[in-house]
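input-v3.pdb follows; it contains PDB, C-alpha atoms.
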MODEL        1
ATOM      1  CA  MET A  22     148.186  58.764 137.146  1.00  0.00           C
ATOM      2  CA  LEU A  23     151.033  59.482 139.525  1.00  0.00           C
ATOM      3  CA  ALA A  24     149.045  57.997 142.395  1.00  0.00           C
ATOM      4  CA  LEU A  25     148.570  54.812 140.354  1.00  0.00           C
ATOM      5  CA  ALA A  26     152.289  54.754 139.560  1.00  0.00           C
ATOM      6  CA  VAL A  27     153.084  55.006 143.283  1.00  0.00           C
ATOM      7  CA  VAL A  28     150.736  52.085 144.036  1.00  0.00           C
ATOM      8  CA  HIS A  29     152.405  49.980 141.332  1.00  0.00           C
ATOM      9  CA  GLN A  30     155.813  50.882 142.778  1.00  0.00           C
ATOM     10  CA  GLN A  31     154.740  49.917 146.284  1.00  0.00           C
ATOM     11  CA  LYS A  32     153.435  46.564 145.002  1.00  0.00           C
ATOM     12  CA  GLY A  33     156.676  45.914 143.130  1.00  0.00           C
ATOM     13  CA  ASN A  34     155.071  46.097 139.689  1.00  0.00           C
ATOM     14  CA  LEU A  35     157.799  48.275 138.148  1.00  0.00           C
ATOM     15  CA  ARG A  36     156.758  47.772 134.521  1.00  0.00           C
ATOM     16  CA  ALA A  37     153.223  49.045 135.219  1.00  0.00           C
ATOM     17  CA  MET A  38     154.725  51.934 137.222  1.00  0.00           C
ATOM     18  CA  GLN A  39     156.928  52.999 134.280  1.00  0.00           C
ATOM     19  CA  THR A  40     154.019  52.691 131.834  1.00  0.00           C
ATOM     20  CA  MET A  41     151.869  54.933 134.026  1.00  0.00           C
ATOM     21  CA  LEU A  42     154.658  57.502 134.451  1.00  0.00           C
ATOM     22  CA  LYS A  43     155.228  57.624 130.683  1.00  0.00           C
ATOM     23  CA  ARG A  44     151.498  58.109 130.080  1.00  0.00           C
ATOM     24  CA  LEU A  45     151.515  60.999 132.552  1.00  0.00           C
ATOM     25  CA  LEU A  46     154.575  62.683 131.058  1.00  0.00           C
ATOM     26  CA  THR A  47     153.313  62.324 127.482  1.00  0.00           C
ATOM     27  CA  TRP A  48     150.552  64.847 128.111  1.00  0.00           C
ATOM     28  CA  ARG A  49     152.072  66.661 131.120  1.00  0.00           C
ATOM     29  CA  SER A  50     155.721  66.966 130.066  1.00  0.00           C
ATOM     30  CA  ASN A  51     156.424  69.708 132.625  1.00  0.00           C
ATOM     31  CA  TYR A  52     154.959  67.793 135.568  1.00  0.00           C
ATOM     32  CA  GLU A  53     156.886  68.404 138.791  1.00  0.00           C
ATOM     33  CA  LEU A  54     156.742  66.011 141.742  1.00  0.00           C
ATOM     34  CA  ASP A  55     155.148  67.392 144.907  1.00  0.00           C
ATOM     35  CA  THR A  56     156.896  65.469 147.700  1.00  0.00           C
ATOM     36  CA  SER A  57     154.427  66.802 150.263  1.00  0.00           C
ATOM     37  CA  VAL A  58     151.794  64.655 148.518  1.00  0.00           C
ATOM     38  CA  PHE A  59     153.765  61.793 146.940  1.00  0.00           C
ATOM     39  CA  PRO A  60     156.706  59.795 148.343  1.00  0.00           C
ATOM     40  CA  GLN A  61     160.229  60.819 147.348  1.00  0.00           C
ATOM     41  CA  GLN A  62     160.891  57.224 146.147  1.00  0.00           C
ATOM     42  CA  ILE A  63     158.946  57.914 142.931  1.00  0.00           C
ATOM     43  CA  SER A  64     161.297  60.781 141.989  1.00  0.00           C
ATOM     44  CA  GLU A  65     164.014  58.692 140.314  1.00  0.00           C
ATOM     45  CA  PRO A  66     161.589  56.554 138.239  1.00  0.00           C
ATOM     46  CA  LEU A  67     159.801  59.772 137.259  1.00  0.00           C
ATOM     47  CA  GLN A  68     163.058  61.253 135.916  1.00  0.00           C
ATOM     48  CA  GLU A  69     163.840  58.022 134.048  1.00  0.00           C
ATOM     49  CA  ALA A  70     160.376  58.090 132.460  1.00  0.00           C
ATOM     50  CA  ARG A  71     160.856  61.776 131.548  1.00  0.00           C
ATOM     51  CA  ALA A  72     164.084  60.885 129.702  1.00  0.00           C
ATOM     52  CA  GLU A  73     162.355  58.036 127.838  1.00  0.00           C
ATOM     53  CA  VAL A  74     159.400  60.240 126.841  1.00  0.00           C
ATOM     54  CA  GLY A  75     161.852  62.882 125.607  1.00  0.00           C
ATOM     55  CA  GLN A  76     163.244  60.318 123.137  1.00  0.00           C
ATOM     56  CA  LEU A  77     159.842  59.350 121.692  1.00  0.00           C
ATOM     57  CA  PRO A  78     159.042  60.353 118.105  1.00  0.00           C
ATOM     58  CA  LEU A  79     156.628  63.167 117.347  1.00  0.00           C
ATOM     59  CA  GLY A  80     153.312  62.990 115.548  1.00  0.00           C
ATOM     60  CA  GLN A  81     150.431  65.195 114.550  1.00  0.00           C
ATOM     61  CA  ILE A  82     146.676  65.380 114.749  1.00  0.00           C
ATOM     62  CA  LYS A  83     144.068  67.048 112.573  1.00  0.00           C
ATOM     63  CA  VAL A  84     141.296  68.441 114.747  1.00  0.00           C
ATOM     64  CA  LEU A  85     137.776  68.948 113.408  1.00  0.00           C
ATOM     65  CA  CYS A  86     134.694  69.946 115.334  1.00  0.00           C
ATOM     66  CA  GLU A  87     130.972  70.301 114.803  1.00  0.00           C
ATOM     67  CA  PRO A  88     130.258  73.175 115.021  1.00  0.00           C
ATOM     68  CA  SER A  89     133.392  74.609 113.430  1.00  0.00           C
ATOM     69  CA  GLY A  90     134.976  77.578 115.130  1.00  0.00           C
ATOM     70  CA  SER A  91     135.205  75.800 118.471  1.00  0.00           C
ATOM     71  CA  GLN A  92     138.219  76.489 120.648  1.00  0.00           C
ATOM     72  CA  VAL A  93     140.632  73.555 120.843  1.00  0.00           C
ATOM     73  CA  PHE A  94     142.766  72.776 123.883  1.00  0.00           C
ATOM     74  CA  VAL A  95     145.344  69.986 123.862  1.00  0.00           C
ATOM     75  CA  ASP A  96     146.465  68.716 127.252  1.00  0.00           C
ATOM     76  CA  GLY A  97     144.944  71.829 128.824  1.00  0.00           C
ATOM     77  CA  ASP A  98     146.721  74.366 126.600  1.00  0.00           C
ATOM     78  CA  PHE A  99     144.949  76.466 123.978  1.00  0.00           C
ATOM     79  CA  ALA A 100     145.910  75.106 120.550  1.00  0.00           C
ATOM     80  CA  GLY A 101     143.710  77.093 118.153  1.00  0.00           C
ATOM     81  CA  VAL A 102     140.274  77.079 116.576  1.00  0.00           C
ATOM     82  CA  ALA A 103     138.811  74.064 114.771  1.00  0.00           C
ATOM     83  CA  PRO A 104     139.536  73.005 112.120  1.00  0.00           C
ATOM     84  CA  THR A 105     143.261  72.969 112.851  1.00  0.00           C
ATOM     85  CA  GLN A 106     146.285  70.717 112.612  1.00  0.00           C
ATOM     86  CA  LEU A 107     148.714  70.300 115.494  1.00  0.00           C
ATOM     87  CA  ASN A 108     152.265  69.150 114.956  1.00  0.00           C
ATOM     88  CA  ASN A 109     155.125  68.042 117.200  1.00  0.00           C
ATOM     89  CA  LEU A 110     153.035  66.116 119.713  1.00  0.00           C
ATOM     90  CA  THR A 111     154.809  63.329 121.544  1.00  0.00           C
ATOM     91  CA  VAL A 112     153.594  59.918 120.419  1.00  0.00           C
ATOM     92  CA  GLY A 113     151.076  58.625 122.944  1.00  0.00           C
ATOM     93  CA  GLU A 114     147.877  59.670 124.664  1.00  0.00           C
ATOM     94  CA  HIS A 115     146.748  63.324 124.568  1.00  0.00           C
ATOM     95  CA  TYR A 116     143.545  64.994 125.747  1.00  0.00           C
ATOM     96  CA  VAL A 117     141.713  67.231 123.278  1.00  0.00           C
ATOM     97  CA  THR A 118     139.049  69.529 124.739  1.00  0.00           C
ATOM     98  CA  PHE A 119     136.527  71.510 122.677  1.00  0.00           C
ATOM     99  CA  LYS A 120     134.719  74.636 123.881  1.00  0.00           C
ATOM    100  CA  LYS A 121     132.237  76.968 122.193  1.00  0.00           C
ATOM    101  CA  LEU A 122     129.774  79.443 123.655  1.00  0.00           C
ATOM    102  CA  GLY A 123     126.293  77.951 123.694  1.00  0.00           C
ATOM    103  CA  TYR A 124     127.519  74.346 123.545  1.00  0.00           C
ATOM    104  CA  LYS A 125     128.520  71.740 126.094  1.00  0.00           C
ATOM    105  CA  ARG A 126     132.231  71.150 126.430  1.00  0.00           C
ATOM    106  CA  GLY A 127     133.616  68.057 124.696  1.00  0.00           C
ATOM    107  CA  LEU A 128     136.626  65.844 125.391  1.00  0.00           C
ATOM    108  CA  ARG A 129     138.371  63.306 123.189  1.00  0.00           C
ATOM    109  CA  ILE A 130     141.413  61.171 123.911  1.00  0.00           C
ATOM    110  CA  ALA A 131     143.765  61.071 120.944  1.00  0.00           C
ATOM    111  CA  THR A 132     146.462  58.425 120.663  1.00  0.00           C
ATOM    112  CA  VAL A 133     149.098  60.141 118.519  1.00  0.00           C
ATOM    113  CA  THR A 134     151.278  57.948 116.290  1.00  0.00           C
ATOM    114  CA  ALA A 135     154.372  58.689 114.235  1.00  0.00           C
ATOM    115  CA  GLY A 136     152.452  57.912 111.038  1.00  0.00           C
ATOM    116  CA  PRO A 137     150.007  60.086 109.135  1.00  0.00           C
ATOM    117  CA  PRO A 138     148.009  62.666 111.119  1.00  0.00           C
ATOM    118  CA  LEU A 139     145.317  61.218 113.336  1.00  0.00           C
ATOM    119  CA  GLN A 140     141.923  62.848 112.758  1.00  0.00           C
ATOM    120  CA  VAL A 141     140.065  63.854 115.910  1.00  0.00           C
ATOM    121  CA  LEU A 142     136.425  64.900 115.603  1.00  0.00           C
ATOM    122  CA  GLY A 143     134.516  66.640 118.367  1.00  0.00           C
ATOM    123  CA  LYS A 144     130.742  66.938 118.231  1.00  0.00           C
ATOM    124  CA  LEU A 145     129.365  69.441 120.704  1.00  0.00           C
ATOM    125  CA  PRO A 146     125.692  69.308 121.682  1.00  0.00           C
ATOM    126  CA  ARG A 147     123.855  72.578 122.292  1.00  0.00           C
ATOM    127  CA  ALA A 148     123.609  73.587 125.948  1.00  0.00           C
ATOM    128  CA  GLU A 149     119.973  73.578 126.994  1.00  0.00           C
ATOM    129  CA  LYS A 150     120.447  76.446 129.430  1.00  0.00           C
ATOM    130  CA  TYR A 151     122.021  78.578 126.738  1.00  0.00           C
ATOM    131  CA  LEU A 152     118.947  78.135 124.541  1.00  0.00           C
ATOM    132  CA  LEU A 153     116.778  79.348 127.425  1.00  0.00           C
ATOM    133  CA  VAL A 154     119.054  82.358 127.870  1.00  0.00           C
ATOM    134  CA  GLU A 155     118.891  83.177 124.145  1.00  0.00           C
ATOM    135  CA  GLN A 156     115.083  82.969 124.215  1.00  0.00           C
ATOM    136  CA  ALA A 157     114.835  85.155 127.314  1.00  0.00           C
ATOM    137  CA  ILE A 158     117.196  87.759 125.868  1.00  0.00           C
ATOM    138  CA  ALA A 159     115.315  87.832 122.545  1.00  0.00           C
ATOM    139  CA  LYS A 160     112.061  88.498 124.379  1.00  0.00           C
ATOM    140  CA  VAL A 161     113.531  91.092 126.743  1.00  0.00           C
ATOM    141  CA  ALA A 162     115.661  92.919 124.122  1.00  0.00           C
ATOM    142  CA  PRO A 163     112.954  95.350 122.934  1.00  0.00           C
ATOM    143  CA  GLU A 164     112.375  96.476 126.535  1.00  0.00           C
ATOM    144  CA  MET A 165     115.995  96.926 127.555  1.00  0.00           C
ATOM    145  CA  GLY A 166     116.501 100.286 129.187  1.00  0.00           C
ATOM    146  CA  GLN A 167     112.985 100.388 130.583  1.00  0.00           C
ATOM    147  CA  SER A 168     112.021  99.959 134.179  1.00  0.00           C
ATOM    148  CA  PRO A 169     110.755  97.480 135.161  1.00  0.00           C
ATOM    149  CA  ILE A 170     111.801  94.901 132.615  1.00  0.00           C
ATOM    150  CA  ASP A 171     109.512  92.077 131.434  1.00  0.00           C
ATOM    151  CA  ASN A 172     109.014  89.194 133.869  1.00  0.00           C
ATOM    152  CA  VAL A 173     110.540  86.792 131.354  1.00  0.00           C
ATOM    153  CA  VAL A 174     113.905  87.902 132.734  1.00  0.00           C
ATOM    154  CA  ASP A 175     113.002  85.746 135.755  1.00  0.00           C
ATOM    155  CA  ASN A 176     113.864  82.787 133.517  1.00  0.00           C
ATOM    156  CA  LEU A 177     117.473  83.955 133.675  1.00  0.00           C
ATOM    157  CA  ARG A 178     117.339  83.996 137.448  1.00  0.00           C
ATOM    158  CA  GLU A 179     115.845  80.517 137.676  1.00  0.00           C
ATOM    159  CA  THR A 180     117.968  79.002 134.899  1.00  0.00           C
ATOM    160  CA  LEU A 181     121.352  80.465 135.759  1.00  0.00           C
ATOM    161  CA  PHE A 182     120.834  81.273 139.447  1.00  0.00           C
ATOM    162  CA  LEU A 183     121.571  84.971 138.871  1.00  0.00           C
ATOM    163  CA  ASP A 184     120.702  87.844 141.182  1.00  0.00           C
ATOM    164  CA  HIS A 185     121.751  90.567 138.736  1.00  0.00           C
ATOM    165  CA  ALA A 186     121.988  90.874 134.968  1.00  0.00           C
ATOM    166  CA  ILE A 187     123.844  93.424 132.891  1.00  0.00           C
ATOM    167  CA  PHE A 188     122.772  93.894 129.289  1.00  0.00           C
ATOM    168  CA  LEU A 189     125.012  95.783 126.898  1.00  0.00           C
ATOM    169  CA  LYS A 190     123.627  97.334 123.751  1.00  0.00           C
ATOM    170  CA  MET A 191     126.276  98.376 121.230  1.00  0.00           C
ATOM    171  CA  GLN A 192     125.574 100.434 118.159  1.00  0.00           C
ATOM    172  CA  ARG A 193     128.122 101.287 115.493  1.00  0.00           C
ATOM    173  CA  SER A 194     128.227 104.897 114.284  1.00  0.00           C
ATOM    174  CA  ALA A 195     128.891 105.921 110.722  1.00  0.00           C
ATOM    175  CA  PRO A 196     132.581 105.696 109.730  1.00  0.00           C
ATOM    176  CA  GLN A 197     134.473 108.960 110.085  1.00  0.00           C
ATOM    177  CA  SER A 198     136.686 110.505 107.421  1.00  0.00           C
ATOM    178  CA  SER A 199     139.761 109.243 109.311  1.00  0.00           C
ATOM    179  CA  GLY A 200     138.560 105.680 108.783  1.00  0.00           C
ATOM    180  CA  SER A 201     137.867 105.080 112.472  1.00  0.00           C
ATOM    181  CA  GLU A 202     134.466 104.179 113.870  1.00  0.00           C
ATOM    182  CA  ASP A 203     132.699 105.205 117.030  1.00  0.00           C
ATOM    183  CA  VAL A 204     130.636 102.761 119.003  1.00  0.00           C
ATOM    184  CA  THR A 205     127.886 103.820 121.372  1.00  0.00           C
ATOM    185  CA  VAL A 206     127.481 101.498 124.350  1.00  0.00           C
ATOM    186  CA  ALA A 207     124.471 101.493 126.655  1.00  0.00           C
ATOM    187  CA  ALA A 208     124.584  99.332 129.785  1.00  0.00           C
ATOM    188  CA  TYR A 209     121.538  98.245 131.778  1.00  0.00           C
ATOM    189  CA  LEU A 210     121.849  96.689 135.219  1.00  0.00           C
ATOM    190  CA  TYR A 211     118.829  94.810 136.523  1.00  0.00           C
ATOM    191  CA  ASP A 212     118.330  93.434 140.007  1.00  0.00           C
ATOM    192  CA  LEU A 213     116.535  90.130 139.390  1.00  0.00           C
ATOM    193  CA  ARG A 214     115.671  89.643 143.063  1.00  0.00           C
ATOM    194  CA  SER A 215     112.890  92.238 142.954  1.00  0.00           C
TER
ENDMDL
END
Take the structure from the file and write it as structure tokens.
Amino acid sequence: MLALAVVHQQKGNLRAMQTMLKRLLTWRSNYELDTSVFPQQISEPLQEARAEVGQLPLGQIKVLCEPSGSQVFVDGDFAGVAPTQLNNLTVGEHYVTFKKLGYKRGLRIATVTAGPPLQVLGKLPRAEKYLLVEQAIAKVAPEMGQSPIDNVVDNLRETLFLDHAIFLKMQRSAPQSSGSEDVTVAAYLYDLRS
């Protein structure tokens, strides 16, 4: 966005330059100019845009995701677990990212307004490779700790390009009188190259 602002500045299109700078500073409020990459001439307009963005009203978004329990990041910062509501966001464009183990990452652009909370819904599709990993682990699980392990573990090597795999097996012990619990952990390291 800053590169586009510089181009607009160089072409004399100052309104487009200011619009681009405000868009940048809405979601990257702490952005600092790197004068080894961008010309110093953009510094003053950048500070003017920062002051204008600082005067903008605040809004909120309600974030939902399928599946629920996905991690939510707003403008690159962890914001919580879906479903969640985020307050005090500067009015304008923000980037909402969704992550959950076993699913592809999702991204939505949310245009926050000063009115009622904007609802943002992320729908994450299952990751095909993760399904293959789950299937391979389910088949290998009964043989963990044996040598050699079933050849199905080769699916992990081919799917994820792994040379080694470590499987952890955790088993909870009976609770002790003090209320604490012991956990027994067994670790198995397999060289998938041989």
For the file shown, report as number ranges by chain the outcome of the PyMOL selection byres ((chain A and resi 77-86) around 10) at residue level.
A: 47, 72-76, 87-93, 100-113, 117, 119-120, 127, 131-145
Please write as a VMD selection string the full residue list that the PyMOL selection byres ((chain A and resi 167-170) around 12) yields on this file.
chain A and resid 157 to 158 160 to 166 171 to 175 186 188 208 to 213 215
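The smallest atom-to-atom distance between Gln192 in chain A and any of A:Asn34, A:Thr205, A:Gln156, A:Thr40, using all atoms listed in the file, is found for A:Thr205.
Take the candidates A:Arg126, A:Arg178, A:Arg44, A:Arg71 and check each one against Glu114 in chain A using only C-alpha atoms; the shortest distance goes to A:Arg44.
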Interatomic distance (Å, one decimal) between CA of Ala148 in chain A and CA of Arg129 in chain A
18.2 Å
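Computed from the coordinates, the CA of Met22 in chain A to CA of Met41 in chain A distance equals 6.2 Å.
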Given all atoms listed in the file as the basis, pick out the residue of A:Gly200, A:Lys150, A:Val95, A:Glu155 nearest to Phe182 in chain A.
A:Lys150
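When all atoms listed in the file are used to compute distances to Gln61 in chain A, the closest of the residues A:Gln197, A:Leu42, A:Val27, A:Arg36 turns out to be A:Val27.
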Around range 23-33 of chain A, with edges along x, y and z and 3 Å added on all six sides, what centre and edge lengths do you get, in Å to one decimal, as JSON?
{"center_x": 152.6, "center_y": 52.7, "center_z": 142.9, "size_x": 14.1, "size_y": 19.6, "size_z": 12.8}
Could you list the residues chosen by the PyMOL selection byres ((chain A and resi 97) around 8) in this structure as an NGL selection string?
:A and (94-96 or 98-99 or 116-118)
Need the neighbours of (158.5, 62.4, 139.6): which residues are at most 10 Å away, counting only C-alpha atoms, as an MDAnalysis selection string?
chainID A and resid 23 26:27 42 46 52:56 59:71
If I take CA of Arg214 in chain A and CA of Leu183 in chain A, how far is one from the other in Å, to one decimal?
8.6 Å
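Restricting the calculation to only C-alpha atoms, the smallest distance between Gln39 in chain A and any of A:Arg147, A:Leu25, A:Asn51, A:Val206 is found for A:Leu25.
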